[in-house]
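Input: a single structure, listed below in structure tokens.
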Amino acid sequence: MVASRGRFAGKVVVVTGGGQGIGRATAQRFAEEGAAVVVADRDAALGQGVAAEIQQAGGQARAVTTDVADEASIQALVAQTVAAFGGIDILISNAAVFVLRGIEATVDEWRQILDVNVIGVALAAKHVVPEMRKRGGGAIVNLGSISSFIAQPQFVTYNATKGAIAQMTRCMAMDLAPDNIRVNAVCPGTVWTQIVESRARERGLDRAAADRDPDFGRSHMIERCADPVEIANAILFLASDEASFITAENLMVDGGYVAR
């Protein structure tokens, strides 16, 4: 049974990479707004933890252990979601790996990041869209990045995949518009997730110091890192009826980073 109150009441949302960081915050926000949420994550314990948090708060959630680079795993995710909640209305393609390498990247490193960050996004859409069509439409929000648009040192692998997401989003939006499916991307700046926190602590920086550091918070016009919920709120907007005339957009949620 799907909750009857909230902006997303009656909607079923799949969040890939939902076990931590932006994915976790996004899953929680959708549940707060009345959606039934499927938390898809390769780490079963993380996914189950987020689903349990949502359930304890009175929301509806289910965790499905998912490897987005594996087509059979995506098919199982869709099948389990439909069995549990009856369909799919919204897909948030958030799962990603961070292989940060320059031109010295090995073939295995390229395959690892392309399989998850690019092919995983394509596979999720491929298998979710037929369920959206059955419900008369839907919304997809992909996770891009400032790295979709700017050059960064020793980020060739990661930036190539995020650049691909920007163009995939536009092309998917064109192809799926006749099905009443909108496709957009959110492009965050530096977000205080576990990965960023780990990088900061390697340099001896806590959150306050990282916000003042030019490699972290001070690179934004708003001189701090973002909190995951700030990105989640933008994702919810693009997935909502409030964004009903927005598609093919790569929305910068970067505190002014790219425009600086």
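Every chain in the structure tokens has a letter given in the order shown (A, B, ...), and although residue numbers restart at 1 in each chain, ligands are simply numbered from 1 in the order shown.
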Those in segment 50-215 of chain A with helix (DSSP H, G or I) from DSSP, as a ChimeraX atom specification
/A:50-56,71-85,107-134,146-148,156-179,194-202,207-212
Distance query Asp89 of chain A at most 8 Å, only C-alpha atoms, self and fewer than 3 positions along chain excluded, as a list of chain:residue names
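Returned residues: A:Lys11, A:Val12, A:Val13, A:Glu131, A:Met132, A:Arg135, A:Gly137, A:Gly138, A:Ala139.
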Between A:Met172, A:Ile113, A:Ala95, A:Ala40, which one has atoms that come closest to Phe155 of chain A, using only C-alpha atoms?
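Among A:Met172, A:Ile113, A:Ala95, A:Ala40, it is A:Ile113 that comes nearest to Phe155 of chain A.
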Go through A:Gly189, A:Pro153, A:Pro214, A:Pro130 and flag the residue nearest Gly87 of chain A, using only C-alpha atoms for the distances.
A:Pro130
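The nearest approach to Gly17 of chain A among the residues A:His127, A:Arg42, A:Arg29, A:Arg199, with only C-alpha atoms taken into account, belongs to A:Arg42.
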Of the residues A:Leu100, A:Leu176, A:Leu143, A:Ile88, which is the one nearest to Val156 of chain A, using only C-alpha atoms?
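Checking each of A:Leu100, A:Leu176, A:Leu143, A:Ile88 against Val156 of chain A, counting only C-alpha atoms, the winner is A:Leu100.
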Quick one, how far is atom CA of Ala125 of chain A from atom CA of Ala44 of chain A?
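Interatomic distance here is 21.8 Å.
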Residues near Asn117 of chain A, anyone? I mean within 12 Å using only C-alpha atoms, not counting same-chain ones fewer than 5 positions away, as a ChimeraX atom specification.
/A:16-17,67-69,93-99,110-112,122-124,142-145,148,157-166,168
Looking only at strand (DSSP E or B) from DSSP on the backbone, list the matching residues of segment 46-241 of chain A as a CSV table (one decimal) with N, CA and C atoms, in the first residue's frame.
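And here's selection-v1.csv as it stands now:
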```csv
chain,number,residue,atom,x,y,z
A,60,GLN,N,7.3,4.2,3.6
A,60,GLN,CA,7.3,2.9,2.9
A,60,GLN,C,8.6,2.8,2.2
A,61,ALA,N,9.3,1.7,2.4
A,61,ALA,CA,10.6,1.5,1.7
A,61,ALA,C,10.9,0.0,1.7
A,62,ARG,N,11.7,-0.4,0.7
A,62,ARG,CA,12.2,-1.7,0.5
A,62,ARG,C,13.6,-1.6,0.0
A,63,ALA,N,14.5,-2.4,0.5
A,63,ALA,CA,15.9,-2.5,-0.1
A,63,ALA,C,16.0,-3.6,-1.0
A,64,VAL,N,16.7,-3.4,-2.2
A,64,VAL,CA,17.0,-4.4,-3.1
A,64,VAL,C,18.4,-4.4,-3.5
A,65,THR,N,19.2,-5.4,-3.2
A,65,THR,CA,20.6,-5.4,-3.5
A,65,THR,C,20.8,-5.4,-5.0
A,90,ILE,N,9.1,6.8,-10.9
A,90,ILE,CA,10.2,7.7,-10.9
A,90,ILE,C,11.5,6.9,-10.7
A,91,LEU,N,12.5,7.2,-11.5
A,91,LEU,CA,13.8,6.6,-11.4
A,91,LEU,C,14.9,7.7,-11.1
A,92,ILE,N,15.6,7.5,-10.0
A,92,ILE,CA,16.8,8.3,-9.7
A,92,ILE,C,18.0,7.5,-9.9
A,93,SER,N,18.8,7.8,-11.0
A,93,SER,CA,20.0,7.0,-11.3
A,93,SER,C,21.2,7.8,-10.6
A,138,GLY,N,6.2,9.2,-16.6
A,138,GLY,CA,7.1,9.2,-15.4
A,138,GLY,C,8.2,10.2,-15.5
A,139,ALA,N,9.1,10.1,-14.6
A,139,ALA,CA,10.3,11.1,-14.6
A,139,ALA,C,11.5,10.3,-14.2
A,140,ILE,N,12.6,10.7,-14.9
A,140,ILE,CA,13.9,10.1,-14.6
A,140,ILE,C,14.8,11.3,-14.2
A,141,VAL,N,15.6,11.2,-13.2
A,141,VAL,CA,16.6,12.2,-12.8
A,141,VAL,C,17.9,11.4,-12.7
A,142,ASN,N,18.9,11.8,-13.6
A,142,ASN,CA,20.2,11.2,-13.5
A,142,ASN,C,21.1,12.1,-12.7
A,143,LEU,N,22.2,11.6,-12.2
A,143,LEU,CA,23.1,12.4,-11.4
A,143,LEU,C,24.3,12.7,-12.2
A,181,ILE,N,7.4,10.9,-20.5
A,181,ILE,CA,8.5,10.7,-19.5
A,181,ILE,C,9.5,11.8,-19.7
A,182,ARG,N,9.7,12.5,-18.6
A,182,ARG,CA,10.7,13.6,-18.6
A,182,ARG,C,12.0,13.1,-18.0
A,183,VAL,N,13.1,13.6,-18.6
A,183,VAL,CA,14.4,13.1,-18.2
A,183,VAL,C,15.3,14.3,-18.0
A,184,ASN,N,15.8,14.5,-16.8
A,184,ASN,CA,16.7,15.6,-16.4
A,184,ASN,C,17.9,15.0,-15.6
A,185,ALA,N,18.8,15.9,-15.4
A,185,ALA,CA,20.0,15.6,-14.5
A,185,ALA,C,20.2,16.7,-13.5
A,186,VAL,N,20.7,16.3,-12.4
A,186,VAL,CA,21.2,17.3,-11.4
A,186,VAL,C,22.7,17.2,-11.4
A,187,CYS,N,23.3,18.3,-11.4
A,187,CYS,CA,24.8,18.4,-11.5
A,187,CYS,C,25.3,19.1,-10.2
A,188,PRO,N,25.7,18.3,-9.2
A,188,PRO,CA,26.2,18.9,-8.0
A,188,PRO,C,27.6,19.4,-8.0
A,191,VAL,N,29.9,17.9,-2.5
A,191,VAL,CA,28.9,17.6,-1.5
A,191,VAL,C,29.6,16.9,-0.4
A,226,ALA,N,28.2,21.5,-0.1
A,226,ALA,CA,26.7,21.2,0.0
A,226,ALA,C,26.5,20.1,1.0
```
Residues at most 12 Å from Arg260 of chain A, counting only C-alpha atoms, excluding those fewer than 3 positions away in the same chain, as a PDB file with N, CA and C atoms, in the first residue's frame?
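Listing of selection_14.pdb after writing:
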```
ATOM      1  N   ILE A 150      33.327  20.762 -16.693  1.00  0.00           N
ATOM      2  CA  ILE A 150      34.613  21.417 -16.503  1.00  0.00           C
ATOM      3  C   ILE A 150      35.737  20.388 -16.534  1.00  0.00           C
ATOM      4  N   ARG A 218      35.560  26.521  -0.653  1.00  0.00           N
ATOM      5  CA  ARG A 218      35.800  27.881  -1.162  1.00  0.00           C
ATOM      6  C   ARG A 218      35.835  27.957  -2.679  1.00  0.00           C
ATOM      7  N   SER A 219      35.803  26.844  -3.361  1.00  0.00           N
ATOM      8  CA  SER A 219      35.738  26.862  -4.822  1.00  0.00           C
ATOM      9  C   SER A 219      34.356  27.248  -5.331  1.00  0.00           C
ATOM     10  N   HIS A 220      33.369  27.333  -4.442  1.00  0.00           N
ATOM     11  CA  HIS A 220      32.007  27.726  -4.797  1.00  0.00           C
ATOM     12  C   HIS A 220      31.776  29.186  -4.431  1.00  0.00           C
ATOM     13  N   MET A 221      30.869  29.859  -5.151  1.00  0.00           N
ATOM     14  CA  MET A 221      30.492  31.220  -4.752  1.00  0.00           C
ATOM     15  C   MET A 221      29.922  31.222  -3.333  1.00  0.00           C
ATOM     16  N   ILE A 222      29.076  30.244  -3.055  1.00  0.00           N
ATOM     17  CA  ILE A 222      28.619  30.012  -1.687  1.00  0.00           C
ATOM     18  C   ILE A 222      29.725  29.197  -1.036  1.00  0.00           C
ATOM     19  N   GLU A 223      30.491  29.811  -0.185  1.00  0.00           N
ATOM     20  CA  GLU A 223      31.787  29.247   0.212  1.00  0.00           C
ATOM     21  C   GLU A 223      31.661  28.123   1.234  1.00  0.00           C
ATOM     22  N   ASP A 254      25.373  23.766  -7.697  1.00  0.00           N
ATOM     23  CA  ASP A 254      26.819  23.797  -7.460  1.00  0.00           C
ATOM     24  C   ASP A 254      27.289  25.024  -6.687  1.00  0.00           C
ATOM     25  N   GLY A 255      26.364  25.739  -6.062  1.00  0.00           N
ATOM     26  CA  GLY A 255      26.763  26.909  -5.291  1.00  0.00           C
ATOM     27  C   GLY A 255      27.526  27.937  -6.096  1.00  0.00           C
ATOM     28  N   GLY A 256      27.299  27.958  -7.408  1.00  0.00           N
ATOM     29  CA  GLY A 256      27.958  28.931  -8.269  1.00  0.00           C
ATOM     30  C   GLY A 256      29.340  28.512  -8.743  1.00  0.00           C
ATOM     31  N   TYR A 257      29.717  27.262  -8.544  1.00  0.00           N
ATOM     32  CA  TYR A 257      31.060  26.800  -8.872  1.00  0.00           C
ATOM     33  C   TYR A 257      31.426  27.056 -10.338  1.00  0.00           C
TER      34      TYR A 257
END
```
From the options A:Asp115, A:Arg224, A:Leu236, A:Gln75, which residue's atoms come nearest to Ala31 of chain A, counting only C-alpha atoms?
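Smallest distance to Ala31 of chain A is found for A:Leu236.
Here atom CA of Glu230 of chain A is placed at a distance of 8.3 Å from atom CA of Val253 of chain A.
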